[in-house]
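Everything below belongs to input_26.txt, which stores compact mmCIF, C-alpha atoms.
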```txt
# COMPACT_ATOMS: atom_id res chain seq x y z
CA MET A 1 14.47 10.85 -47.92
CA LYS A 2 14.17 13.21 -50.83
CA ILE A 3 16.54 16.09 -51.55
CA LYS A 4 13.55 18.44 -51.58
CA GLN A 5 12.73 17.52 -47.97
CA LEU A 6 16.35 18.09 -46.98
CA PHE A 7 16.15 21.71 -48.11
CA LEU A 8 12.56 22.40 -47.08
CA ASN A 9 12.83 21.18 -43.51
CA PRO A 10 16.00 19.44 -42.38
CA PHE A 11 14.89 19.75 -38.74
CA ALA A 12 11.99 17.33 -39.26
CA ASP A 13 13.98 14.70 -41.13
CA PHE A 14 17.16 14.28 -39.08
CA SER A 15 17.81 13.34 -35.47
CA GLU A 16 18.97 16.06 -33.13
CA TRP A 17 22.42 14.45 -32.87
CA THR A 18 22.88 14.31 -36.64
CA LEU A 19 21.89 17.98 -36.87
CA PHE A 20 24.22 18.81 -33.99
CA LEU A 21 27.17 17.02 -35.62
CA VAL A 22 26.55 18.69 -39.00
CA GLY A 23 26.08 22.03 -37.22
CA ILE A 24 29.37 21.72 -35.32
CA ILE A 25 31.24 20.72 -38.48
CA GLY A 26 29.66 23.67 -40.32
CA PHE A 27 30.52 25.97 -37.43
CA LEU A 28 34.20 24.97 -37.52
CA LEU A 29 34.49 25.01 -41.32
CA SER A 30 32.78 28.38 -41.61
CA SER A 31 35.00 29.81 -38.88
CA TYR A 32 38.02 28.63 -40.83
CA LEU A 33 36.63 30.03 -44.08
CA ILE A 34 36.03 33.40 -42.43
CA TYR A 35 39.55 33.30 -41.00
CA LEU A 36 41.04 32.51 -44.44
CA SER A 37 39.07 35.35 -46.01
CA GLY A 38 40.62 37.78 -43.51
CA GLN A 39 37.22 38.77 -42.21
CA GLN A 40 35.49 38.73 -38.86
CA PHE A 41 31.89 38.60 -37.67
CA ASN A 42 30.20 41.77 -36.60
CA GLY A 43 26.72 40.29 -36.33
CA PHE A 44 24.92 37.06 -37.17
CA MET A 45 24.49 38.06 -40.79
CA HIS A 46 27.53 40.23 -41.57
CA PHE A 47 31.23 40.14 -41.84
CA TYR A 48 33.74 42.94 -42.04
CA LYS A 49 37.39 43.16 -42.91
CA PRO A 50 39.29 44.39 -39.83
CA GLU A 51 42.33 46.61 -40.33
CA VAL A 52 44.51 44.14 -38.44
CA THR A 53 44.78 40.44 -39.19
CA VAL A 54 42.76 38.30 -36.79
CA SER A 55 43.78 34.87 -35.56
CA PHE A 56 41.69 31.75 -36.05
CA ILE A 57 41.11 31.64 -32.28
CA ALA A 58 39.77 35.22 -32.36
CA VAL A 59 37.39 34.32 -35.20
CA LEU A 60 36.30 31.19 -33.34
CA LYS A 61 35.70 33.17 -30.15
CA VAL A 62 33.51 35.78 -31.86
CA HIS A 63 31.69 33.08 -33.83
CA THR A 64 30.94 31.32 -30.53
CA TYR A 65 29.39 34.56 -29.22
CA MET A 66 27.33 34.73 -32.42
CA VAL A 67 25.92 31.31 -31.55
CA LEU A 68 25.49 31.77 -27.80
CA ALA A 69 23.65 35.11 -27.96
CA PRO A 70 20.72 33.96 -30.13
CA LEU A 71 20.76 30.55 -28.44
CA ILE A 72 20.14 32.08 -25.03
CA LEU A 73 17.51 34.54 -26.27
CA LEU A 74 15.58 32.10 -28.44
CA TYR A 75 15.78 29.33 -25.85
CA ILE A 76 14.27 31.61 -23.19
CA VAL A 77 11.50 32.68 -25.58
CA GLY A 78 11.00 29.05 -26.57
CA VAL A 79 10.61 27.95 -22.94
CA VAL A 80 8.11 30.76 -22.34
CA ALA A 81 6.13 29.62 -25.41
CA ASN A 82 6.41 25.92 -24.53
CA ASN A 83 8.08 24.74 -21.34
CA LYS A 84 9.04 21.45 -23.06
CA THR A 85 11.46 23.25 -25.41
CA ARG A 86 14.84 21.50 -25.41
CA ILE A 87 18.10 23.41 -25.65
CA ILE A 88 19.59 20.91 -28.15
CA ASP A 89 16.77 21.67 -30.60
CA VAL A 90 17.29 25.42 -30.36
CA LEU A 91 21.08 24.98 -30.61
CA ASN A 92 20.65 22.95 -33.78
CA VAL A 93 18.54 25.71 -35.31
CA ILE A 94 21.17 28.31 -34.44
CA LEU A 95 23.94 26.12 -35.89
CA ILE A 96 22.12 25.08 -39.10
CA ALA A 97 20.20 28.25 -40.06
CA PRO A 98 23.33 30.29 -41.03
CA PHE A 99 24.51 27.72 -43.61
CA PRO A 100 23.15 29.85 -46.50
CA LEU A 101 25.18 32.78 -45.15
CA TYR A 102 28.36 30.69 -45.25
CA LEU A 103 27.59 29.68 -48.83
CA MET A 104 27.14 33.37 -49.65
CA LEU A 105 30.58 34.19 -48.19
CA LEU A 106 32.21 31.37 -50.14
CA LEU A 107 30.57 32.40 -53.43
CA SER A 108 31.49 36.06 -52.93
CA LYS A 109 35.13 35.04 -52.59
CA LEU A 110 35.00 32.73 -55.61
CA ILE A 111 33.66 35.45 -57.91
CA ASN A 112 36.10 38.03 -56.49
CA GLN A 113 33.51 40.48 -55.23
CA ASP A 114 36.14 42.80 -53.73
CA LYS A 115 37.87 43.33 -57.09
CA PHE A 116 34.56 44.10 -58.83
CA THR A 117 33.52 46.54 -56.10
CA ASN A 118 36.88 48.32 -56.38
CA GLU A 119 36.48 48.57 -60.17
CA ILE A 120 33.06 50.19 -59.78
CA ASP A 121 34.39 52.52 -57.10
CA GLN A 122 37.30 53.55 -59.31
CA ALA A 123 35.02 54.09 -62.33
CA LEU A 124 32.76 56.35 -60.28
CA LYS A 125 35.74 58.30 -58.91
CA ASN A 126 36.94 58.80 -62.50
CA GLY A 127 33.56 60.30 -63.44
CA ASP A 128 32.23 57.25 -65.32
CA HIS A 129 28.71 57.40 -63.87
CA THR A 130 27.29 55.16 -66.61
CA LEU A 131 29.91 52.50 -65.73
CA SER A 132 30.80 52.09 -69.41
CA SER A 133 34.32 51.02 -68.45
CA ILE A 134 32.99 48.02 -66.50
CA ASP A 135 32.58 44.71 -68.34
CA LYS A 136 28.83 44.16 -68.96
CA GLY A 137 29.14 40.39 -68.55
CA GLN A 138 30.63 40.92 -65.12
CA MET A 139 27.83 43.33 -64.22
CA VAL A 140 25.23 40.73 -65.22
CA LEU A 141 27.07 38.09 -63.19
CA PHE A 142 27.07 40.29 -60.10
CA GLY A 143 23.43 41.23 -60.65
CA LEU A 144 22.50 37.54 -60.69
CA PHE A 145 24.74 36.99 -57.68
CA GLY A 146 22.85 39.75 -55.84
CA ILE A 147 19.52 38.10 -56.57
CA PHE A 148 20.88 34.74 -55.41
CA VAL A 149 22.21 36.35 -52.22
CA LEU A 150 18.74 37.73 -51.45
CA PHE A 151 17.35 34.23 -51.91
CA LEU A 152 19.99 32.84 -49.53
CA LEU A 153 19.16 35.48 -46.93
CA PHE A 154 15.47 34.63 -47.20
CA TYR A 155 16.32 30.93 -46.96
CA GLN A 156 18.31 31.56 -43.77
CA PHE A 157 15.24 33.07 -42.12
CA TYR A 158 13.07 30.30 -43.52
CA LEU A 159 15.34 27.76 -41.80
CA LEU A 160 15.25 29.80 -38.59
CA VAL A 161 11.44 29.85 -38.56
CA LYS A 162 11.02 26.19 -39.57
CA GLY A 163 13.56 25.05 -36.99
CA MET A 164 12.20 27.17 -34.15
CA ASN A 165 8.65 26.10 -34.94
CA ILE A 166 9.72 22.47 -34.55
CA ALA A 167 11.88 23.17 -31.47
CA VAL A 168 9.02 24.96 -29.72
CA ASN A 169 6.16 23.01 -31.32
CA ASN A 170 4.76 26.32 -32.55
CA LYS A 171 1.73 26.63 -34.81
CA LYS A 172 1.12 30.38 -34.41
CA ILE A 173 2.39 32.83 -37.03
CA TRP A 174 2.91 35.63 -34.51
CA VAL A 175 5.40 33.49 -32.56
CA SER A 176 7.32 32.83 -35.80
CA ILE A 177 7.38 36.57 -36.50
CA LEU A 178 8.58 37.13 -32.93
CA PHE A 179 11.51 34.74 -33.48
CA VAL A 180 12.62 36.61 -36.59
CA ALA A 181 12.10 40.05 -34.99
CA LEU A 182 14.12 39.08 -31.90
CA TYR A 183 16.87 37.63 -34.07
CA PHE A 184 17.04 40.90 -36.05
CA MET A 185 17.02 43.08 -32.93
CA LEU A 186 19.71 41.01 -31.24
CA ASP A 187 21.79 41.14 -34.42
CA LEU A 188 21.46 44.92 -34.51
CA GLY A 189 22.47 45.21 -30.85
CA ILE A 190 25.48 42.93 -31.31
CA GLN A 191 26.77 45.03 -34.20
CA PHE A 192 27.45 47.84 -31.76
CA TYR A 193 29.42 45.56 -29.46
CA PHE A 194 31.62 43.79 -32.03
```
Would it be possible to restate this file's structure as structure tokens?
Amino acid sequence: MKIKQLFLNPFADFSEWTLFLVGIIGFLLSSYLIYLSGQQFNGFMHFYKPEVTVSFIAVLKVHTYMVLAPLILLYIVGVVANNKTRIIDVLNVILIAPFPLYLMLLLSKLINQDKFTNEIDQALKNGDHTLSSIDKGQMVLFGLFGIFVLFLLFYQFYLLVKGMNIAVNNKKIWVSILFVALYFMLDLGIQFYF
């Protein structure tokens, strides 16, 4: 197997049990990473920093909801599109597709995004609207980081579409668009609950 195939379509190259095992390990590690960062989920694609410290169990519980909600919705849609859709295939998509998001969280912590954001905020509050007090090298780094984050977000949806197309045996573009639209709408609805 080539590395290129691994990134282009992991759902076609690995067994469902390998994907499930990797997905569960990623689920647990990302939950722990989110816990260590002091953040919590408030949607499939966002985190926030609560005012009170949350326990690992609380993070795990909310993360479980963030898996179960799209699993149920996309599985039902998958069964409607193809009654041979298997829940393990949809579960694997839901577990594997957010991996780019977890990488994004890890990178944002490594480059100390919070400190940079505070520096910009402080510069603007002090009337420095040209941000001349901010290190230009750091601004370039965060600009490149922003572009990379957009790529990771796109890649997350790419994995969602590729995985769901395999899980449902879909060949129609409108069904792929429906998967993404439903994922977005469910994410938006969940933000109001969590």
Exercise: Asn9 (chain A) partners within 10 Å, only C-alpha atoms, chain neighbours under 2 positions left out, as a ChimeraX atom specification: /A:4-7,11-14,158-159,162-163,166
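Coordinates place CA of Ser37 (chain A) at a distance of 21.7 Å from CA of Tyr193 (chain A).
We find CA of Val161 (chain A) and CA of Ser176 (chain A) to be spaced 5.8 Å apart.
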Closest atom pairs, region 20-61 of chain A residues within 12 Å of region 95-115 of chain A, all atoms listed in the file, as a tab-separated table:
```
residue	atom	partner	partner_atom	distance
A:Phe20	CA	A:Leu95	CA	7.6
A:Leu21	CA	A:Leu95	CA	9.7
A:Val22	CA	A:Ile96	CA	7.8
A:Gly23	CA	A:Leu95	CA	4.8
A:Ile24	CA	A:Leu95	CA	7.0
A:Ile25	CA	A:Leu95	CA	9.4
A:Gly26	CA	A:Phe99	CA	7.3
A:Phe27	CA	A:Leu95	CA	6.8
A:Leu28	CA	A:Leu95	CA	10.5
A:Leu29	CA	A:Tyr102	CA	9.2
A:Ser30	CA	A:Tyr102	CA	6.2
A:Ser31	CA	A:Tyr102	CA	9.2
A:Tyr32	CA	A:Tyr102	CA	10.8
A:Leu33	CA	A:Leu106	CA	7.6
A:Ile34	CA	A:Leu105	CA	8.0
A:Tyr35	CA	A:Leu105	CA	11.5
A:Leu36	CA	A:Lys109	CA	10.4
A:Ser37	CA	A:Lys109	CA	7.7
A:Gly38	CA	A:Lys109	CA	11.0
A:Gln39	CA	A:Leu105	CA	10.0
A:Gln40	CA	A:Leu105	CA	11.5
A:Phe41	CA	A:Leu105	CA	11.5
A:Gly43	CA	A:Pro98	CA	11.6
A:Phe44	CA	A:Pro98	CA	8.0
A:Met45	CA	A:Leu101	CA	6.9
A:His46	CA	A:Leu101	CA	8.6
A:Phe47	CA	A:Leu105	CA	8.7
A:Tyr48	CA	A:Leu105	CA	11.2
A:Lys49	CA	A:Asp114	CA	10.9
```
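Between CA of Tyr183 (chain A) and CA of Gly78 (chain A) lies a distance of 12.8 Å.
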Find the spatial neighbours of Ala181 (chain A), counting all atoms listed in the file, within a cut-off of 12 Å - ignore same-chain residues fewer than 2 positions away - and output them as a ChimeraX atom specification. /A:70,73-74,77,157,160-161,174-179,183-188
